[in-house]
file structure_17.txt (compact mmCIF, C-alpha atoms)
# COMPACT_ATOMS: atom_id res chain seq x y z
CA MET A 178 0.00 0.00 0.00
CA TYR A 179 1.36 3.41 -0.98
CA LEU A 180 1.05 6.11 1.66
CA ALA A 181 1.71 9.05 -0.68
CA SER A 182 0.81 10.09 -4.21
CA LEU A 183 0.56 13.03 -6.56
CA GLN A 184 -3.04 13.51 -7.65
CA VAL A 185 -3.98 15.36 -10.85
CA LYS A 186 -7.70 15.88 -11.30
CA GLY A 187 -9.68 17.42 -14.16
CA LEU A 188 -6.74 19.23 -15.73
CA SER A 189 -7.42 21.22 -18.88
CA PHE A 190 -4.92 23.26 -20.86
CA ARG A 191 -4.95 24.61 -24.37
CA GLN A 192 -2.19 26.12 -26.46
CA PRO A 193 -2.94 28.13 -29.61
CA HIS A 194 -2.32 25.14 -31.88
CA ALA A 195 -3.99 22.39 -29.86
CA GLN A 196 -5.94 21.27 -26.82
CA LEU A 197 -3.23 19.34 -24.97
CA PHE A 198 -5.23 18.29 -21.92
CA ALA A 199 -9.00 18.11 -21.51
CA ASP A 200 -10.47 17.05 -18.16
CA TRP A 201 -7.36 14.93 -17.68
CA SER A 202 -6.66 13.04 -14.46
CA ALA A 203 -3.80 10.84 -13.27
CA THR A 204 -2.26 9.46 -10.10
CA PHE A 205 1.53 9.28 -9.74
CA LEU A 206 2.90 6.96 -7.09
CA PRO A 207 6.33 7.10 -5.44
CA GLY A 208 9.03 5.96 -7.82
CA LEU A 209 9.82 6.86 -11.40
CA THR A 210 7.25 7.66 -14.08
CA TRP A 211 8.52 7.88 -17.65
CA VAL A 212 6.54 10.53 -19.53
CA THR A 213 6.89 9.69 -23.21
CA GLY A 214 5.30 10.68 -26.52
CA ASP A 215 6.01 12.43 -29.80
CA GLU A 216 7.03 16.04 -30.25
CA GLY A 217 4.29 18.51 -29.34
CA VAL A 218 2.04 16.20 -27.33
CA GLY A 219 2.59 18.09 -24.07
CA LYS A 220 5.43 16.39 -22.16
CA THR A 221 7.18 19.61 -21.13
CA THR A 222 3.85 21.39 -20.77
CA LEU A 223 2.69 18.79 -18.25
CA LEU A 224 5.81 19.29 -16.15
CA ARG A 225 5.33 23.06 -16.20
CA LEU A 226 1.70 22.71 -15.14
CA LEU A 227 2.59 20.34 -12.30
CA ALA A 228 5.35 22.70 -11.17
CA GLY A 229 2.97 25.66 -11.14
CA ASP A 230 4.86 27.60 -13.84
CA TRP A 231 1.63 27.95 -15.79
CA PRO A 232 -1.85 28.33 -14.28
CA LEU A 233 -4.37 25.58 -14.81
CA ALA A 234 -7.44 26.44 -16.88
CA THR A 235 -9.32 23.88 -14.81
CA GLY A 236 -8.38 21.13 -12.41
CA SER A 237 -6.11 20.64 -9.45
CA VAL A 238 -2.70 19.22 -8.55
CA LEU A 239 -2.65 17.80 -5.03
CA TRP A 240 -0.35 15.87 -2.73
CA GLN A 241 -1.89 13.08 -0.67
CA ASP A 242 -0.18 11.35 2.24
CA THR A 243 -0.93 10.16 5.76
CA GLN A 244 -1.48 13.78 6.82
CA GLY A 245 -4.27 14.25 4.29
CA VAL A 246 -4.63 16.04 0.95
CA ARG A 247 -3.22 19.49 0.20
CA LYS A 248 -1.91 21.70 -2.56
CA LEU A 249 1.75 21.49 -3.44
CA SER A 250 4.06 24.26 -2.28
CA SER A 251 7.30 25.38 -3.91
CA ALA A 252 9.18 23.41 -1.26
CA ASP A 253 7.45 20.21 -2.41
CA VAL A 254 8.49 20.37 -6.07
CA TYR A 255 11.91 20.44 -7.69
CA TRP A 256 11.73 21.75 -11.24
CA VAL A 257 14.13 23.74 -13.36
CA ASP A 258 13.16 24.52 -16.94
CA PRO A 259 16.33 23.76 -18.93
CA ALA A 260 15.62 26.78 -21.14
CA ASP A 261 15.18 29.18 -18.21
CA THR A 262 17.87 31.87 -17.89
CA SER A 263 16.55 33.59 -14.76
CA ARG A 264 19.23 31.98 -12.58
CA ASP A 265 22.13 32.77 -14.88
CA ASP A 266 23.50 35.49 -12.61
CA LEU A 267 24.02 32.95 -9.81
CA THR A 268 27.20 31.01 -9.23
CA VAL A 269 26.87 27.27 -8.73
CA HIS A 270 27.56 27.82 -5.02
CA ALA A 271 24.78 30.44 -4.88
CA PHE A 272 22.36 28.14 -6.72
CA ALA A 273 23.00 25.43 -4.11
CA ALA A 274 22.46 27.94 -1.29
CA ALA A 275 19.14 29.02 -2.83
CA CYS A 276 18.06 25.38 -3.04
CA GLN A 277 19.07 24.77 0.56
CA ALA A 278 16.87 27.68 1.65
CA CYS A 279 13.91 26.31 -0.34
CA TYR A 280 13.98 22.57 0.31
CA PRO A 281 13.81 21.48 3.95
CA ARG A 282 15.30 18.05 3.22
CA TRP A 283 18.17 19.42 1.13
CA SER A 284 21.38 17.40 1.49
CA GLN A 285 24.57 19.39 0.96
CA ALA A 286 26.52 16.15 1.20
CA ALA A 287 24.51 14.70 -1.70
CA PHE A 288 25.04 17.87 -3.72
CA ASN A 289 28.78 17.72 -3.11
CA GLN A 290 28.82 14.07 -4.12
CA TRP A 291 27.06 14.80 -7.39
CA VAL A 292 29.30 17.79 -8.07
CA ASP A 293 32.16 15.32 -7.94
CA THR A 294 30.37 12.60 -9.92
CA LEU A 295 29.35 15.01 -12.67
CA SER A 296 32.77 16.71 -12.81
CA LEU A 297 31.50 20.12 -11.70
CA THR A 298 34.10 20.95 -9.05
CA GLU A 299 36.02 23.39 -11.23
CA HIS A 300 32.78 25.28 -11.98
CA LEU A 301 31.55 25.94 -8.42
CA ASP A 302 32.54 29.62 -8.41
CA LYS A 303 31.43 30.30 -11.98
CA PHE A 304 28.23 32.08 -12.91
CA LEU A 305 25.72 29.82 -14.61
CA TYR A 306 25.75 31.92 -17.78
CA MET A 307 29.42 30.98 -18.15
CA LEU A 308 28.71 27.25 -18.28
CA SER A 309 28.12 25.09 -21.34
CA THR A 310 24.65 23.66 -21.89
CA GLY A 311 25.80 20.28 -20.61
CA SER A 312 27.45 21.67 -17.48
CA LYS A 313 24.42 23.77 -16.66
CA ARG A 314 22.18 20.72 -16.98
CA LYS A 315 24.53 18.88 -14.63
CA VAL A 316 24.00 21.63 -12.04
CA TRP A 317 20.21 21.23 -12.34
CA LEU A 318 20.59 17.46 -11.89
CA ALA A 319 22.85 17.81 -8.86
CA GLY A 320 20.19 20.06 -7.37
CA ALA A 321 17.44 17.57 -8.13
CA LEU A 322 19.33 14.71 -6.52
CA ALA A 323 20.13 16.75 -3.41
CA ALA A 324 16.77 18.50 -2.93
CA ARG A 325 14.89 15.36 -1.84
CA ALA A 326 11.64 17.02 -2.80
CA ARG A 327 8.36 15.16 -2.63
CA VAL A 328 7.98 15.64 -6.39
CA THR A 329 10.92 15.91 -8.80
CA LEU A 330 10.33 16.86 -12.45
CA LEU A 331 13.05 16.34 -15.07
CA ASP A 332 12.81 17.28 -18.75
CA GLU A 333 15.15 15.32 -21.07
CA PRO A 334 17.76 14.97 -18.30
CA GLU A 335 20.26 13.14 -20.53
CA ALA A 336 20.41 15.89 -23.14
CA ALA A 337 23.94 17.29 -23.63
CA LEU A 338 25.43 14.94 -21.00
CA ASP A 339 28.64 13.00 -21.52
CA GLN A 340 28.48 9.21 -21.35
CA PRO A 341 29.87 8.79 -17.78
CA SER A 342 27.30 11.30 -16.48
CA ARG A 343 24.50 9.47 -18.30
CA ARG A 344 25.51 6.19 -16.72
CA ALA A 345 25.62 7.74 -13.24
CA LEU A 346 22.24 9.41 -13.76
CA ARG A 347 20.60 6.21 -14.97
CA ALA A 348 21.91 4.31 -11.96
CA GLN A 349 20.49 6.96 -9.62
CA LEU A 350 17.13 7.03 -11.41
CA ALA A 351 16.95 3.25 -11.06
CA HIS A 352 17.37 3.78 -7.30
CA CYS A 353 14.66 6.47 -7.31
CA ASN A 354 12.40 4.01 -9.10
CA GLN A 355 12.30 1.96 -5.90
CA GLY A 356 9.96 4.57 -4.43
CA HIS A 357 12.01 5.75 -1.46
CA ASP A 358 12.70 9.25 -2.79
CA GLY A 359 9.26 10.60 -3.60
CA VAL A 360 7.56 10.93 -6.97
CA TRP A 361 9.83 11.39 -10.00
CA LEU A 362 8.48 12.33 -13.44
CA VAL A 363 11.02 12.15 -16.25
CA ALA A 364 9.95 13.44 -19.68
CA SER A 365 12.16 11.81 -22.27
CA TYR A 366 12.08 10.32 -25.75
CA SER A 367 14.21 7.40 -24.56
CA CYS A 368 13.67 5.11 -21.58
CA PRO A 369 15.47 6.68 -18.57
CA ILE A 370 16.48 3.37 -16.93
CA ASP A 371 17.41 -0.04 -18.25
CA GLY A 372 15.85 -3.40 -17.54
CA GLU A 373 13.46 -2.46 -14.73
CA PRO A 374 9.67 -2.11 -14.62
CA MET A 375 8.43 1.41 -14.02
CA GLN A 376 5.33 3.52 -14.34
CA THR A 377 4.89 4.89 -17.87
CA LEU A 378 2.68 7.70 -19.11
CA SER A 379 2.41 7.89 -22.89
CA LEU A 380 0.93 11.20 -24.04
CA GLY A 381 -0.78 11.58 -27.39
CA SER A 382 -1.44 7.88 -27.82
call {"tool": "encode", "arguments": {"input": "structure_17.txt", "output": "structure tokens"}}
result
Amino acid sequence: MYLASLQVKGLSFRQPHAQLFADWSATFLPGLTWVTGDEGVGKTTLLRLLAGDWPLATGSVLWQDTQGVRKLSSADVYWVDPADTSRDDLTVHAFAAACQACYPRWSQAAFNQWVDTLSLTEHLDKFLYMLSTGSKRKVWLAGALAARARVTLLDEPEAALDQPSRRALRAQLAHCNQGHDGVWLVASYSCPIDGEPMQTLSLGS
């Protein structure tokens, strides 16, 4: 029996070219959910709606656990839009400090470990705008793995990563799939872990 879940009820959202979601509902359990589908079916849009970046036309996004049902707060959800430049004037150190202030279960030790694993040590004092696309994505991933948020949303996390970083990420996502680290939604064209059953949400099918 699962004691926690992310509940989406009656969600509707339309973009100028298409109605992406119409009275759409889903339940996401602890572990990893692979959000898949063709270009333009709403994978990134769904993550933005769940994160609260965009307002819902209708519906609700709720967290349910042993304490009851409530709306998600910013401290419950880890999400960084890979295309967002609003944090570019932060150093990597400052980004970690901002995350620590936001997420009550933040682990600096885990962040430091992933800085080492993802070969970010030399970049800690650099501003984010100075980093390559791949290095910046590594910073977002280190934050995700250290935040220990109830809900973690990742959009194409392997994009622009080198092969060793991809292997390390896949191993960690396989661990997250066990359900001990909250709800993880990974939007990706390719399967984010190898050889293990996981929850899958196929949009546009």
call {"tool": "atom_distance", "arguments": {"input": "structure_17.txt", "atom1": "CA of Trp240 in chain A", "atom2": "CA of Gly214 in chain A"}}
result
25.0 Å
call {"tool": "atom_distance", "arguments": {"input": "structure_17.txt", "atom1": "CA of Thr329 in chain A", "atom2": "CA of Trp256 in chain A"}}
result
6.4 Å
call {"tool": "closest_residue", "arguments": {"input": "structure_17.txt", "among": "A:Leu183, A:Pro369, A:Leu380, A:Thr294", "to": "Gly245 in chain A", "atoms": "all atoms listed in the file"}}
result
A:Leu183
call {"tool": "closest_residue", "arguments": {"input": "structure_17.txt", "among": "A:Leu378, A:Ala199, A:Leu362, A:Ala273", "to": "Ala286 in chain A", "atoms": "only C-alpha atoms"}}
result
A:Ala273
call {"tool": "residues_around", "arguments": {"input": "structure_17.txt", "residues": "Thr262 in chain A", "least_positions_apart": "3", "cutoff": "10 Å", "atoms": "only C-alpha atoms", "output": "PyMOL selection string"}}
result
chain A and resi 258-259+265-266+305-306
call {"tool": "closest_residue", "arguments": {"input": "structure_17.txt", "among": "A:Ala345, A:Val316, A:Ala351, A:Leu322", "to": "Phe304 in chain A", "atoms": "all atoms listed in the file"}}
result
A:Val316
call {"tool": "residues_near_point", "arguments": {"input": "structure_17.txt", "point": "(-0.7, 17.5, -20.7)", "cutoff": "7 Å", "atoms": "all atoms listed in the file", "output": "compact mmCIF listing (two decimals) with C-alpha atoms, keeping the file's coordinate frame"}}
result
# COMPACT_ATOMS: atom_id res chain seq x y z
CA LEU A 197 -3.23 19.34 -24.97
CA PHE A 198 -5.23 18.29 -21.92
CA GLY A 219 2.59 18.09 -24.07
CA LYS A 220 5.43 16.39 -22.16
CA THR A 222 3.85 21.39 -20.77
CA LEU A 223 2.69 18.79 -18.25
call {"tool": "residues_around", "arguments": {"input": "structure_17.txt", "residues": "Glu299 in chain A", "least_positions_apart": "4", "cutoff": "12 Å", "atoms": "all atoms listed in the file", "output": "mmCIF file with C-alpha atoms, in the frame of the given file"}}
result
data_model
loop_
_atom_site.group_PDB
_atom_site.id
_atom_site.type_symbol
_atom_site.label_atom_id
_atom_site.label_comp_id
_atom_site.auth_asym_id
_atom_site.auth_seq_id
_atom_site.Cartn_x
_atom_site.Cartn_y
_atom_site.Cartn_z
ATOM 1 C CA THR A 268 27.200 31.010 -9.230
ATOM 2 C CA VAL A 269 26.870 27.270 -8.730
ATOM 3 C CA HIS A 270 27.560 27.820 -5.020
ATOM 4 C CA VAL A 292 29.300 17.790 -8.070
ATOM 5 C CA ASP A 293 32.160 15.320 -7.940
ATOM 6 C CA LEU A 295 29.350 15.010 -12.670
ATOM 7 C CA LYS A 303 31.430 30.300 -11.980
ATOM 8 C CA PHE A 304 28.230 32.080 -12.910
ATOM 9 C CA LEU A 308 28.710 27.250 -18.280
ATOM 10 C CA SER A 312 27.450 21.670 -17.480
#
call {"tool": "closest_residue", "arguments": {"input": "structure_17.txt", "among": "A:Trp361, A:Tyr255, A:Trp283, A:Trp231", "to": "Phe190 in chain A", "atoms": "all atoms listed in the file"}}
result
A:Trp231
call {"tool": "closest_residue", "arguments": {"input": "structure_17.txt", "among": "A:Leu180, A:Cys276, A:Leu233, A:Ala195", "to": "Val257 in chain A", "atoms": "all atoms listed in the file"}}
result
A:Cys276
call {"tool": "closest_residue", "arguments": {"input": "structure_17.txt", "among": "A:Ala271, A:Ala336, A:Ala364, A:Ala321", "to": "Glu216 in chain A", "atoms": "only C-alpha atoms"}}
result
A:Ala364
